Amino acid sequence: MTNLMIVDDEKMIRQGLKVMIEREYPALYSITMAGNGAEALEQYRQQRQDVIITDIRMPIMDGITLLERLSAEAGPGEAPAVIILSGHDDFEYAKSAIRYRVKDYLLKPIRREELFEILERIAREEADRESSSHKQKQEAEGYRRELRAARLRGLLMQQEAEASAAQQEELAGFAVPFTIGVLTYYHSDGARMKAGEVQGLLEQLIGPLEQKFTEILTDGDGKLVLVGSGESFLELARKAEAKELKRLLLGISSESRSAEQFRTGYLEACRALQYTFLSPQASFVDYSAIQAGRLSFPTPEEELRKLLNMLGTGREKEIKALLGVIFQTEHLLNLDLTYLENVGRSINERVLDEVFRVHGEASVEVLKLYRLVGNLHNFRHFHDYYRALEHLLLSVNDYIIGIKSAHTEHADMEEALAYIEANYTRPLNMAMVSNYVSLNYSYFSEAFKAYTGESFVLYLKKVRIRHAKELLADNRVKLAGVSEAVGFENSKQFARVFRELEGISPGEFRAKLLMGRYPGQAEDKES
């Protein structure tokens, strides 16, 4: 690993450079940071650095002085490679440091491409300079593999079809023909194993992967990507099957005869991997096996309309049966996965979104599974997704029934209001009241607001303040006693709520009342 130090008196620049480098070259650099030359020099004495990126103008000790000190202290061949950061005004000044093994200059604001180009050049030069040492050669090769993997990973993730010059350079070294495999492993709890752990598992099966595959890398989603011959993947699949590793999943591309098909092969392997979703028994899927004979159907518009209409009617059996028709579950193993994906999106848009739109935010409690169920690829197998979706739809069905019942059962609300009136002096909350009238918490919330026109919290505040105003008419009752008598936790909370609803403090209200000039006096006394 290469030791790299970033020296700049601006914290944002230090942090920005660190994040930029670590994202491009994960696990390649061990990065430390310093806010000025003196701090950098002290750190360097404790841990020698291979590369130093330093600003010129800094407090306490500037960049040029730092380089002078480093040059004086470093032994022959030990001085770090230096990249100088400078503004336009400092550029000529910065050039005076050329004798201190300065590799290049970066003008602020810093461009990612220029920084990476310099770092890669430094790495190549350092590898060449130290090639006499076998250990140093190994480190250089490790860097090269990491750099190659980073470039290939970037090619897999980019949306543009055309590769950059650096990526084309890597593709030029591909041995053709080749096949690509994408692998992942799921634990029993559904969590996915890290790519490095998957690689270790595979090496227990077939030995070092470098001997079987020409490329080993990780994609942007954390899955292991292998490039090799079709026979190597078949051997891997056979040995995994013999060990009954059902949770190891492998998608295999068709054979590519051109290096330019690298990204296409990767996408094919990813799609093949997704087809393991259809059955718990499908652990290894070849892309060629999913190209022909797959069943697809038009979007079931009429059935989706019926499903939406059925929600809230209590027809659970009919909802379950209709869901099976919509997903064509009798043809599941032979379905085109695109059909299931389209149906899943249609249910989100035409059924669940419509329920949310009609019933508003109160339905979030019931639809909290929506974020998970909204993408069927959040699930390991189709039957897991299907059960979760079925559970969600039946919960929505029950919710709508409860809403309808709550809106029509005024007696429940009258009972709730009477309970509040009788118990406002206690530490009261909506859960206590909804339990008292035997209604679901979320149902009660919406029904209460529909019946009273106010939220539960606001309604309870008004009840307590109404009774407080009656007590304030009696000058013998202290304000703290009024607060406690109407159910507030403390006088401070009472005063805040009173001012919120009446516009003045309880003390001001009492003063105006006693002076006979409070506009609502007559009404308050009558109430």
# chains A, B, ... in the order shown; residues from 1 in each chain; ligands from 1
$ residues_around --residues "Ser445 of chain A" --least-positions-apart "6" --cutoff "9 Å" --atoms "only C-alpha atoms" --output "list in words"
Ala362, Met430, Ser434, Ser455 and Phe456 of chain A
$ write_last_selection --atoms "N, CA, C and O atoms" --output "compact mmCIF listing (two decimals), in the first residue's frame"
# COMPACT_ATOMS: atom_id res chain seq x y z
N ALA A 362 -52.13 9.26 6.35
CA ALA A 362 -52.43 8.32 7.43
C ALA A 362 -52.21 6.88 6.99
O ALA A 362 -51.98 6.00 7.80
N MET A 430 -53.32 9.73 22.32
CA MET A 430 -54.24 9.15 21.35
C MET A 430 -54.30 7.63 21.46
O MET A 430 -55.35 7.03 21.21
N SER A 434 -57.80 5.64 21.59
CA SER A 434 -58.15 4.68 20.54
C SER A 434 -58.35 3.29 21.13
O SER A 434 -59.23 2.54 20.69
N SER A 455 -56.78 17.74 14.60
CA SER A 455 -55.98 16.62 15.06
C SER A 455 -56.28 16.35 16.53
O SER A 455 -56.78 17.23 17.25
N PHE A 456 -55.95 15.15 16.98
CA PHE A 456 -56.19 14.78 18.37
C PHE A 456 -55.45 15.73 19.32
O PHE A 456 -56.00 16.19 20.32
$ residues_around --residues "Leu205 of chain A" --least-positions-apart "4" --cutoff "10 Å" --atoms "only C-alpha atoms" --output "number ranges by chain"
A: 199-201, 209, 235-236, 239-240, 243
$ write_last_selection --atoms "all heavy atoms" --output "mmCIF file, in the first residue's frame"
data_model
loop_
_atom_site.group_PDB
_atom_site.id
_atom_site.type_symbol
_atom_site.label_atom_id
_atom_site.label_comp_id
_atom_site.auth_asym_id
_atom_site.auth_seq_id
_atom_site.Cartn_x
_atom_site.Cartn_y
_atom_site.Cartn_z
ATOM 1 N N GLN A 199 -15.159 -14.751 -2.884
ATOM 2 C CA GLN A 199 -13.931 -15.223 -3.528
ATOM 3 C C GLN A 199 -13.242 -16.283 -2.670
ATOM 4 O O GLN A 199 -12.790 -17.316 -3.186
ATOM 5 C CB GLN A 199 -12.975 -14.050 -3.780
ATOM 6 C CG GLN A 199 -11.685 -14.460 -4.478
ATOM 7 C CD GLN A 199 -10.822 -13.263 -4.857
ATOM 8 O OE1 GLN A 199 -11.284 -12.127 -4.877
ATOM 9 N NE2 GLN A 199 -9.558 -13.527 -5.158
ATOM 10 N N GLY A 200 -13.193 -16.053 -1.366
ATOM 11 C CA GLY A 200 -12.598 -17.042 -0.472
ATOM 12 C C GLY A 200 -13.353 -18.363 -0.510
ATOM 13 O O GLY A 200 -12.743 -19.440 -0.483
ATOM 14 N N LEU A 201 -14.676 -18.284 -0.571
ATOM 15 C CA LEU A 201 -15.500 -19.493 -0.640
ATOM 16 C C LEU A 201 -15.207 -20.269 -1.918
ATOM 17 O O LEU A 201 -15.074 -21.508 -1.905
ATOM 18 C CB LEU A 201 -16.980 -19.103 -0.577
ATOM 19 C CG LEU A 201 -18.002 -20.241 -0.667
ATOM 20 C CD1 LEU A 201 -17.887 -21.157 0.538
ATOM 21 C CD2 LEU A 201 -19.415 -19.677 -0.759
ATOM 22 N N LEU A 209 -8.234 -18.474 -7.669
ATOM 23 C CA LEU A 209 -9.009 -18.060 -8.839
ATOM 24 C C LEU A 209 -8.110 -17.555 -9.967
ATOM 25 O O LEU A 209 -8.482 -17.633 -11.139
ATOM 26 C CB LEU A 209 -10.005 -16.965 -8.445
ATOM 27 C CG LEU A 209 -11.110 -17.367 -7.462
ATOM 28 C CD1 LEU A 209 -12.126 -16.245 -7.315
ATOM 29 C CD2 LEU A 209 -11.808 -18.647 -7.908
ATOM 30 N N GLU A 235 -17.134 -25.944 -14.442
ATOM 31 C CA GLU A 235 -16.463 -26.666 -13.354
ATOM 32 C C GLU A 235 -16.861 -26.085 -12.001
ATOM 33 O O GLU A 235 -17.155 -26.822 -11.051
ATOM 34 C CB GLU A 235 -14.943 -26.572 -13.528
ATOM 35 C CG GLU A 235 -14.171 -27.236 -12.401
ATOM 36 C CD GLU A 235 -12.685 -26.944 -12.450
ATOM 37 O OE1 GLU A 235 -12.236 -26.303 -13.429
ATOM 38 O OE2 GLU A 235 -11.976 -27.340 -11.504
ATOM 39 N N LEU A 236 -16.887 -24.755 -11.918
ATOM 40 C CA LEU A 236 -17.282 -24.093 -10.676
ATOM 41 C C LEU A 236 -18.716 -24.456 -10.304
ATOM 42 O O LEU A 236 -19.007 -24.780 -9.138
ATOM 43 C CB LEU A 236 -17.148 -22.570 -10.846
ATOM 44 C CG LEU A 236 -17.665 -21.703 -9.695
ATOM 45 C CD1 LEU A 236 -16.937 -22.028 -8.397
ATOM 46 C CD2 LEU A 236 -17.500 -20.222 -10.046
ATOM 47 N N LYS A 239 -18.948 -28.142 -9.010
ATOM 48 C CA LYS A 239 -18.405 -28.350 -7.668
ATOM 49 C C LYS A 239 -19.288 -27.690 -6.608
ATOM 50 O O LYS A 239 -19.446 -28.219 -5.500
ATOM 51 C CB LYS A 239 -16.983 -27.823 -7.595
ATOM 52 C CG LYS A 239 -16.007 -28.669 -8.404
ATOM 53 C CD LYS A 239 -14.565 -28.283 -8.150
ATOM 54 C CE LYS A 239 -13.612 -29.226 -8.888
ATOM 55 N NZ LYS A 239 -12.199 -28.888 -8.637
ATOM 56 N N ALA A 240 -19.863 -26.537 -6.927
ATOM 57 C CA ALA A 240 -20.762 -25.873 -5.980
ATOM 58 C C ALA A 240 -22.032 -26.699 -5.789
ATOM 59 O O ALA A 240 -22.545 -26.827 -4.673
ATOM 60 C CB ALA A 240 -21.106 -24.481 -6.482
ATOM 61 N N LYS A 243 -21.395 -29.619 -3.548
ATOM 62 C CA LYS A 243 -21.326 -29.199 -2.149
ATOM 63 C C LYS A 243 -22.659 -28.655 -1.642
ATOM 64 O O LYS A 243 -22.766 -28.256 -0.476
ATOM 65 C CB LYS A 243 -20.251 -28.128 -1.977
ATOM 66 C CG LYS A 243 -18.831 -28.617 -2.173
ATOM 67 C CD LYS A 243 -18.383 -29.510 -1.023
ATOM 68 C CE LYS A 243 -16.915 -29.870 -1.154
ATOM 69 N NZ LYS A 243 -16.448 -30.708 -0.017
#
$ atom_distance --atom1 "atom CA of Thr218 of chain A" --atom2 "atom CA of Tyr385 of chain A"
26.7 Å
$ residues_around --residues "segment 268-272 of chain A" --least-positions-apart "5" --cutoff "6 Å" --atoms "only C-alpha atoms" --output "list in words"
Gly181, Val182, Gly251, Ile252, Ser253, Val285, Asp286 and Tyr287 of chain A
$ write_last_selection --atoms "N, CA, C and O atoms" --output "PDB file, in the first residue's frame"
ATOM      1  N   GLY A 181     -18.824 -14.146 -15.684  1.00  0.00           N
ATOM      2  CA  GLY A 181     -19.743 -14.625 -14.654  1.00  0.00           C
ATOM      3  C   GLY A 181     -19.883 -13.600 -13.545  1.00  0.00           C
ATOM      4  O   GLY A 181     -18.901 -12.966 -13.155  1.00  0.00           O
ATOM      5  N   VAL A 182     -21.099 -13.411 -13.069  1.00  0.00           N
ATOM      6  CA  VAL A 182     -21.360 -12.519 -11.933  1.00  0.00           C
ATOM      7  C   VAL A 182     -21.905 -13.386 -10.803  1.00  0.00           C
ATOM      8  O   VAL A 182     -22.867 -14.139 -10.995  1.00  0.00           O
ATOM      9  N   GLY A 251     -24.601 -15.995 -12.498  1.00  0.00           N
ATOM     10  CA  GLY A 251     -25.142 -15.676 -13.815  1.00  0.00           C
ATOM     11  C   GLY A 251     -24.003 -15.682 -14.813  1.00  0.00           C
ATOM     12  O   GLY A 251     -22.957 -15.073 -14.579  1.00  0.00           O
ATOM     13  N   ILE A 252     -24.174 -16.402 -15.949  1.00  0.00           N
ATOM     14  CA  ILE A 252     -23.099 -16.584 -16.926  1.00  0.00           C
ATOM     15  C   ILE A 252     -23.515 -15.975 -18.257  1.00  0.00           C
ATOM     16  O   ILE A 252     -24.625 -16.208 -18.747  1.00  0.00           O
ATOM     17  N   SER A 253     -22.608 -15.195 -18.860  1.00  0.00           N
ATOM     18  CA  SER A 253     -22.885 -14.560 -20.152  1.00  0.00           C
ATOM     19  C   SER A 253     -22.696 -15.554 -21.288  1.00  0.00           C
ATOM     20  O   SER A 253     -22.151 -16.649 -21.107  1.00  0.00           O
ATOM     21  N   VAL A 285     -27.507 -19.818 -13.777  1.00  0.00           N
ATOM     22  CA  VAL A 285     -28.281 -19.553 -14.990  1.00  0.00           C
ATOM     23  C   VAL A 285     -27.352 -19.033 -16.073  1.00  0.00           C
ATOM     24  O   VAL A 285     -26.607 -18.077 -15.866  1.00  0.00           O
ATOM     25  N   ASP A 286     -27.423 -19.680 -17.243  1.00  0.00           N
ATOM     26  CA  ASP A 286     -26.666 -19.261 -18.418  1.00  0.00           C
ATOM     27  C   ASP A 286     -27.551 -18.336 -19.247  1.00  0.00           C
ATOM     28  O   ASP A 286     -28.730 -18.622 -19.470  1.00  0.00           O
ATOM     29  N   TYR A 287     -26.970 -17.245 -19.724  1.00  0.00           N
ATOM     30  CA  TYR A 287     -27.755 -16.266 -20.487  1.00  0.00           C
ATOM     31  C   TYR A 287     -28.415 -16.890 -21.705  1.00  0.00           C
ATOM     32  O   TYR A 287     -29.552 -16.537 -22.056  1.00  0.00           O
TER      33      TYR A 287
END
$ residues_around --residues "segment 486-496 of chain A" --least-positions-apart "4" --cutoff "7 Å" --atoms "only C-alpha atoms" --output "VMD selection string"
chain A and resid 424 to 427 464 467 to 468 480 482 500 505 to 506
$ write_last_selection --atoms "all heavy atoms" --output "short mmCIF file (atom, residue, chain, number, x, y, z; two decimals), in the first residue's frame"
data_model
loop_
_atom_site.label_atom_id
_atom_site.label_comp_id
_atom_site.auth_asym_id
_atom_site.auth_seq_id
_atom_site.Cartn_x
_atom_site.Cartn_y
_atom_site.Cartn_z
N TYR A 424 -59.44 14.62 30.74
CA TYR A 424 -58.45 15.56 30.24
C TYR A 424 -57.41 15.94 31.30
O TYR A 424 -56.33 16.42 30.99
CB TYR A 424 -59.13 16.83 29.71
CG TYR A 424 -59.80 17.67 30.77
CD1 TYR A 424 -59.10 18.67 31.44
CD2 TYR A 424 -61.13 17.47 31.11
CE1 TYR A 424 -59.70 19.44 32.42
CE2 TYR A 424 -61.74 18.22 32.09
CZ TYR A 424 -61.02 19.22 32.75
OH TYR A 424 -61.62 19.97 33.72
N THR A 425 -57.75 15.73 32.57
CA THR A 425 -56.81 16.09 33.63
C THR A 425 -55.67 15.07 33.78
O THR A 425 -54.67 15.34 34.43
CB THR A 425 -57.54 16.21 34.98
OG1 THR A 425 -58.13 14.94 35.30
CG2 THR A 425 -58.63 17.27 34.92
N ARG A 426 -55.83 13.91 33.15
CA ARG A 426 -54.81 12.86 33.22
C ARG A 426 -53.79 13.01 32.09
O ARG A 426 -54.03 13.74 31.12
CB ARG A 426 -55.49 11.48 33.09
CG ARG A 426 -56.49 11.16 34.18
CD ARG A 426 -57.26 9.90 33.82
NE ARG A 426 -56.36 8.79 33.51
CZ ARG A 426 -56.73 7.69 32.86
NH1 ARG A 426 -57.98 7.56 32.44
NH2 ARG A 426 -55.86 6.74 32.61
N PRO A 427 -52.63 12.33 32.18
CA PRO A 427 -51.68 12.30 31.06
C PRO A 427 -52.27 11.50 29.90
O PRO A 427 -52.10 10.28 29.80
CB PRO A 427 -50.44 11.61 31.64
CG PRO A 427 -50.62 11.65 33.12
CD PRO A 427 -52.09 11.63 33.37
N ARG A 464 -58.38 21.42 27.29
CA ARG A 464 -57.68 21.79 28.52
C ARG A 464 -57.66 23.31 28.72
O ARG A 464 -57.85 23.80 29.84
CB ARG A 464 -56.26 21.23 28.48
CG ARG A 464 -56.23 19.72 28.72
CD ARG A 464 -54.84 19.15 28.48
NE ARG A 464 -54.77 17.77 28.98
CZ ARG A 464 -53.81 16.92 28.69
NH1 ARG A 464 -52.82 17.29 27.89
NH2 ARG A 464 -53.81 15.69 29.19
N HIS A 467 -61.10 24.60 29.95
CA HIS A 467 -61.30 24.40 31.39
C HIS A 467 -60.36 25.30 32.21
O HIS A 467 -60.73 25.76 33.30
CB HIS A 467 -61.08 22.94 31.75
CG HIS A 467 -62.20 22.04 31.31
ND1 HIS A 467 -63.39 21.95 32.00
CD2 HIS A 467 -62.32 21.20 30.24
CE1 HIS A 467 -64.19 21.08 31.38
NE2 HIS A 467 -63.57 20.62 30.30
N ALA A 468 -59.17 25.55 31.68
CA ALA A 468 -58.24 26.43 32.38
C ALA A 468 -58.81 27.84 32.48
O ALA A 468 -58.67 28.51 33.51
CB ALA A 468 -56.90 26.45 31.65
N ALA A 480 -50.02 27.85 38.82
CA ALA A 480 -49.46 26.50 38.82
C ALA A 480 -50.54 25.46 39.11
O ALA A 480 -50.54 24.37 38.56
CB ALA A 480 -48.33 26.40 39.83
N VAL A 482 -53.71 25.80 38.34
CA VAL A 482 -54.53 25.69 37.14
C VAL A 482 -53.87 24.74 36.16
O VAL A 482 -54.53 23.87 35.57
CB VAL A 482 -54.73 27.09 36.50
CG1 VAL A 482 -55.47 26.94 35.15
CG2 VAL A 482 -55.50 28.00 37.43
N GLU A 500 -50.30 30.11 22.68
CA GLU A 500 -50.49 29.62 21.31
C GLU A 500 -51.95 29.72 20.89
O GLU A 500 -52.26 30.11 19.76
CB GLU A 500 -50.00 28.17 21.24
CG GLU A 500 -50.29 27.45 19.92
CD GLU A 500 -49.99 25.96 20.02
OE1 GLU A 500 -49.04 25.59 20.75
OE2 GLU A 500 -50.72 25.18 19.39
N SER A 505 -50.71 35.46 27.71
CA SER A 505 -50.35 34.51 28.75
C SER A 505 -51.51 34.28 29.71
O SER A 505 -52.46 35.09 29.76
CB SER A 505 -49.15 35.04 29.54
OG SER A 505 -49.53 36.15 30.32
N PRO A 506 -51.49 33.19 30.49
CA PRO A 506 -52.55 32.97 31.48
C PRO A 506 -52.67 34.13 32.46
O PRO A 506 -53.79 34.52 32.85
CB PRO A 506 -52.12 31.68 32.17
CG PRO A 506 -51.25 30.99 31.19
CD PRO A 506 -50.55 32.06 30.45
#
$ residues_around --residues "Met310 of chain A" --least-positions-apart "5" --cutoff "8 Å" --atoms "only C-alpha atoms" --output "ChimeraX atom specification"
/A:315,319,397
$ closest_atom_pairs --of "segment 110-194 of chain A" --to "segment 376-381 of chain A" --cutoff "12 Å" --atoms "only C-alpha atoms" --output "JSON lines"
{"residue": "A:Thr184", "atom": "CA", "partner": "A:Arg380", "partner_atom": "CA", "distance": 11.1}
{"residue": "A:Tyr185", "atom": "CA", "partner": "A:Arg380", "partner_atom": "CA", "distance": 10.3}
{"residue": "A:Tyr186", "atom": "CA", "partner": "A:Arg380", "partner_atom": "CA", "distance": 8.1}
{"residue": "A:His187", "atom": "CA", "partner": "A:Arg380", "partner_atom": "CA", "distance": 10.5}
{"residue": "A:Ser188", "atom": "CA", "partner": "A:Arg380", "partner_atom": "CA", "distance": 10.5}
{"residue": "A:Asp189", "atom": "CA", "partner": "A:Arg380", "partner_atom": "CA", "distance": 10.5}
{"residue": "A:Gly190", "atom": "CA", "partner": "A:Arg380", "partner_atom": "CA", "distance": 7.2}
{"residue": "A:Ala191", "atom": "CA", "partner": "A:Arg380", "partner_atom": "CA", "distance": 9.6}
{"residue": "A:Arg192", "atom": "CA", "partner": "A:Arg380", "partner_atom": "CA", "distance": 9.8}
$ select_by_dssp --residues "segment 26-262 of chain A" --states "strand (DSSP E or B)" --output "short mmCIF file (atom, residue, chain, number, x, y, z; two decimals) with N, CA, C and O atoms, in the first residue's frame"
data_model
loop_
_atom_site.label_atom_id
_atom_site.label_comp_id
_atom_site.auth_asym_id
_atom_site.auth_seq_id
_atom_site.Cartn_x
_atom_site.Cartn_y
_atom_site.Cartn_z
N TYR A 29 -4.18 3.40 -1.42
CA TYR A 29 -3.40 4.39 -0.69
C TYR A 29 -3.78 4.40 0.79
O TYR A 29 -4.96 4.30 1.13
N SER A 30 -2.75 4.56 1.64
CA SER A 30 -2.96 4.85 3.06
C SER A 30 -2.75 6.36 3.21
O SER A 30 -1.63 6.85 3.09
N ILE A 31 -3.82 7.10 3.46
CA ILE A 31 -3.79 8.55 3.38
C ILE A 31 -3.79 9.18 4.77
O ILE A 31 -4.62 8.84 5.62
N THR A 32 -2.84 10.11 5.00
CA THR A 32 -2.84 10.94 6.20
C THR A 32 -2.93 12.39 5.75
O THR A 32 -2.69 12.72 4.58
N MET A 33 -3.28 13.29 6.69
CA MET A 33 -3.48 14.69 6.34
C MET A 33 -2.83 15.59 7.38
O MET A 33 -2.70 15.22 8.55
N ALA A 34 -2.43 16.78 6.94
CA ALA A 34 -1.84 17.77 7.85
C ALA A 34 -2.30 19.15 7.42
O ALA A 34 -2.56 19.40 6.23
N VAL A 51 4.30 9.58 -1.26
CA VAL A 51 3.80 10.70 -2.07
C VAL A 51 3.29 11.78 -1.13
O VAL A 51 2.59 11.48 -0.16
N ILE A 52 3.62 13.04 -1.42
CA ILE A 52 3.10 14.17 -0.65
C ILE A 52 2.46 15.17 -1.61
O ILE A 52 3.09 15.57 -2.60
N ILE A 53 1.20 15.50 -1.33
CA ILE A 53 0.50 16.56 -2.07
C ILE A 53 0.43 17.75 -1.13
O ILE A 53 -0.21 17.67 -0.08
N THR A 54 1.09 18.86 -1.49
CA THR A 54 1.15 19.99 -0.55
C THR A 54 0.82 21.32 -1.19
O THR A 54 1.15 21.57 -2.36
N ASP A 55 0.14 22.14 -0.41
CA ASP A 55 -0.14 23.52 -0.81
C ASP A 55 1.15 24.34 -0.64
O ASP A 55 2.10 23.93 0.05
N ALA A 81 7.87 11.49 -3.49
CA ALA A 81 7.43 12.19 -4.69
C ALA A 81 6.47 13.30 -4.26
O ALA A 81 5.60 13.08 -3.41
N VAL A 82 6.60 14.48 -4.85
CA VAL A 82 5.84 15.65 -4.39
C VAL A 82 4.97 16.19 -5.52
O VAL A 82 5.43 16.32 -6.66
N ILE A 83 3.72 16.48 -5.17
CA ILE A 83 2.81 17.19 -6.08
C ILE A 83 2.46 18.50 -5.39
O ILE A 83 1.98 18.50 -4.25
N ILE A 84 2.69 19.62 -6.07
CA ILE A 84 2.45 20.93 -5.46
C ILE A 84 1.11 21.49 -5.92
O ILE A 84 0.78 21.47 -7.12
N LEU A 85 0.33 21.96 -4.94
CA LEU A 85 -0.92 22.67 -5.22
C LEU A 85 -0.64 24.17 -5.19
O LEU A 85 0.00 24.66 -4.26
N SER A 86 -1.11 24.88 -6.17
CA SER A 86 -0.88 26.32 -6.16
C SER A 86 -1.97 27.05 -6.94
O SER A 86 -2.61 26.47 -7.82
N VAL A 102 9.95 17.35 -7.14
CA VAL A 102 8.56 17.69 -7.47
C VAL A 102 8.19 17.01 -8.77
O VAL A 102 8.90 17.13 -9.77
N LYS A 103 7.10 16.26 -8.75
CA LYS A 103 6.66 15.52 -9.92
C LYS A 103 5.78 16.35 -10.84
O LYS A 103 5.79 16.20 -12.05
N ASP A 104 4.97 17.20 -10.25
CA ASP A 104 4.07 18.01 -11.08
C ASP A 104 3.40 19.06 -10.22
O ASP A 104 3.55 19.08 -8.99
N TYR A 105 2.66 19.94 -10.89
CA TYR A 105 1.95 21.03 -10.23
C TYR A 105 0.48 20.94 -10.59
O TYR A 105 0.12 20.66 -11.72
N LEU A 106 -0.37 21.17 -9.61
CA LEU A 106 -1.81 21.21 -9.84
C LEU A 106 -2.31 22.60 -9.50
O LEU A 106 -2.13 23.09 -8.38
N LEU A 107 -2.94 23.24 -10.49
CA LEU A 107 -3.53 24.55 -10.24
C LEU A 107 -4.92 24.39 -9.66
O LEU A 107 -5.70 23.53 -10.09
N PHE A 178 -13.96 -15.14 -24.45
CA PHE A 178 -14.08 -15.17 -22.99
C PHE A 178 -15.55 -15.16 -22.60
O PHE A 178 -16.43 -14.78 -23.38
N THR A 179 -15.78 -15.61 -21.39
CA THR A 179 -17.13 -15.62 -20.81
C THR A 179 -17.06 -14.88 -19.48
O THR A 179 -16.04 -14.93 -18.78
N ILE A 180 -18.14 -14.18 -19.13
CA ILE A 180 -18.18 -13.42 -17.87
C ILE A 180 -19.21 -14.03 -16.94
O ILE A 180 -20.30 -14.42 -17.37
N GLY A 181 -18.82 -14.15 -15.68
CA GLY A 181 -19.74 -14.63 -14.65
C GLY A 181 -19.88 -13.60 -13.54
O GLY A 181 -18.90 -12.97 -13.15
N VAL A 182 -21.10 -13.41 -13.07
CA VAL A 182 -21.36 -12.52 -11.93
C VAL A 182 -21.91 -13.39 -10.80
O VAL A 182 -22.87 -14.14 -11.00
N LEU A 183 -21.28 -13.27 -9.62
CA LEU A 183 -21.62 -14.16 -8.51
C LEU A 183 -21.98 -13.39 -7.26
O LEU A 183 -21.44 -12.30 -7.00
N THR A 184 -22.85 -13.98 -6.48
CA THR A 184 -23.16 -13.45 -5.15
C THR A 184 -23.60 -14.61 -4.28
O THR A 184 -23.89 -15.71 -4.77
N TYR A 185 -23.66 -14.37 -2.99
CA TYR A 185 -24.04 -15.42 -2.03
C TYR A 185 -24.92 -14.79 -0.97
O TYR A 185 -24.60 -13.73 -0.43
N TYR A 186 -26.04 -15.44 -0.67
CA TYR A 186 -26.98 -14.94 0.33
C TYR A 186 -26.93 -15.83 1.58
O TYR A 186 -27.04 -17.05 1.48
N ARG A 192 -26.43 -10.29 2.08
CA ARG A 192 -25.54 -10.72 1.00
C ARG A 192 -24.08 -10.71 1.46
O ARG A 192 -23.64 -9.78 2.13
N PHE A 213 -9.21 -18.03 -13.82
CA PHE A 213 -9.87 -16.91 -14.49
C PHE A 213 -8.87 -15.81 -14.79
O PHE A 213 -7.93 -15.57 -14.03
N THR A 214 -9.08 -15.13 -15.91
CA THR A 214 -8.13 -14.10 -16.34
C THR A 214 -8.36 -12.76 -15.65
O THR A 214 -7.44 -11.95 -15.56
N GLU A 215 -9.58 -12.49 -15.21
CA GLU A 215 -9.88 -11.24 -14.51
C GLU A 215 -10.74 -11.53 -13.29
O GLU A 215 -11.67 -12.35 -13.35
N ILE A 216 -10.43 -10.84 -12.19
CA ILE A 216 -11.20 -10.95 -10.96
C ILE A 216 -11.43 -9.54 -10.44
O ILE A 216 -10.47 -8.83 -10.13
N LEU A 217 -12.67 -9.11 -10.38
CA LEU A 217 -12.96 -7.77 -9.90
C LEU A 217 -14.33 -7.72 -9.25
O LEU A 217 -15.08 -8.72 -9.25
N THR A 218 -14.65 -6.57 -8.69
CA THR A 218 -15.94 -6.35 -8.02
C THR A 218 -16.67 -5.24 -8.76
O THR A 218 -16.06 -4.23 -9.13
N LEU A 224 -19.16 -10.13 -7.13
CA LEU A 224 -17.91 -10.62 -7.69
C LEU A 224 -18.08 -10.87 -9.18
O LEU A 224 -19.06 -11.50 -9.61
N VAL A 225 -17.13 -10.38 -9.99
CA VAL A 225 -17.17 -10.56 -11.44
C VAL A 225 -15.91 -11.32 -11.86
O VAL A 225 -14.79 -10.93 -11.53
N LEU A 226 -16.11 -12.42 -12.58
CA LEU A 226 -15.00 -13.23 -13.07
C LEU A 226 -15.03 -13.28 -14.59
O LEU A 226 -16.11 -13.31 -15.20
N VAL A 227 -13.85 -13.32 -15.21
CA VAL A 227 -13.73 -13.46 -16.66
C VAL A 227 -12.86 -14.68 -16.93
O VAL A 227 -11.75 -14.81 -16.38
N GLY A 228 -13.37 -15.58 -17.75
CA GLY A 228 -12.62 -16.79 -18.06
C GLY A 228 -13.30 -17.58 -19.15
O GLY A 228 -14.12 -17.05 -19.92
N LEU A 248 -25.23 -19.89 -3.19
CA LEU A 248 -24.28 -19.29 -4.13
C LEU A 248 -24.97 -19.17 -5.48
O LEU A 248 -25.41 -20.16 -6.06
N LEU A 249 -25.06 -17.96 -5.99
CA LEU A 249 -25.78 -17.70 -7.24
C LEU A 249 -24.80 -17.22 -8.31
O LEU A 249 -23.90 -16.42 -8.03
N LEU A 250 -24.99 -17.73 -9.53
CA LEU A 250 -24.08 -17.42 -10.62
C LEU A 250 -24.86 -17.15 -11.90
O LEU A 250 -25.67 -17.98 -12.32
N GLY A 251 -24.60 -15.99 -12.50
CA GLY A 251 -25.14 -15.68 -13.82
C GLY A 251 -24.00 -15.68 -14.81
O GLY A 251 -22.96 -15.07 -14.58
N ILE A 252 -24.17 -16.40 -15.95
CA ILE A 252 -23.10 -16.58 -16.93
C ILE A 252 -23.52 -15.97 -18.26
O ILE A 252 -24.63 -16.21 -18.75
N SER A 256 -18.03 -14.26 -25.61
CA SER A 256 -17.67 -13.05 -26.35
C SER A 256 -16.38 -13.31 -27.14
O SER A 256 -15.44 -13.88 -26.61
#
$ residues_around --residues "Lys469 of chain A" --least-positions-apart "3" --cutoff "9 Å" --atoms "only C-alpha atoms" --output "JSON, numbers by chain"
{"A": [464, 465, 466, 472, 473, 482, 506, 509, 510, 524, 525]}
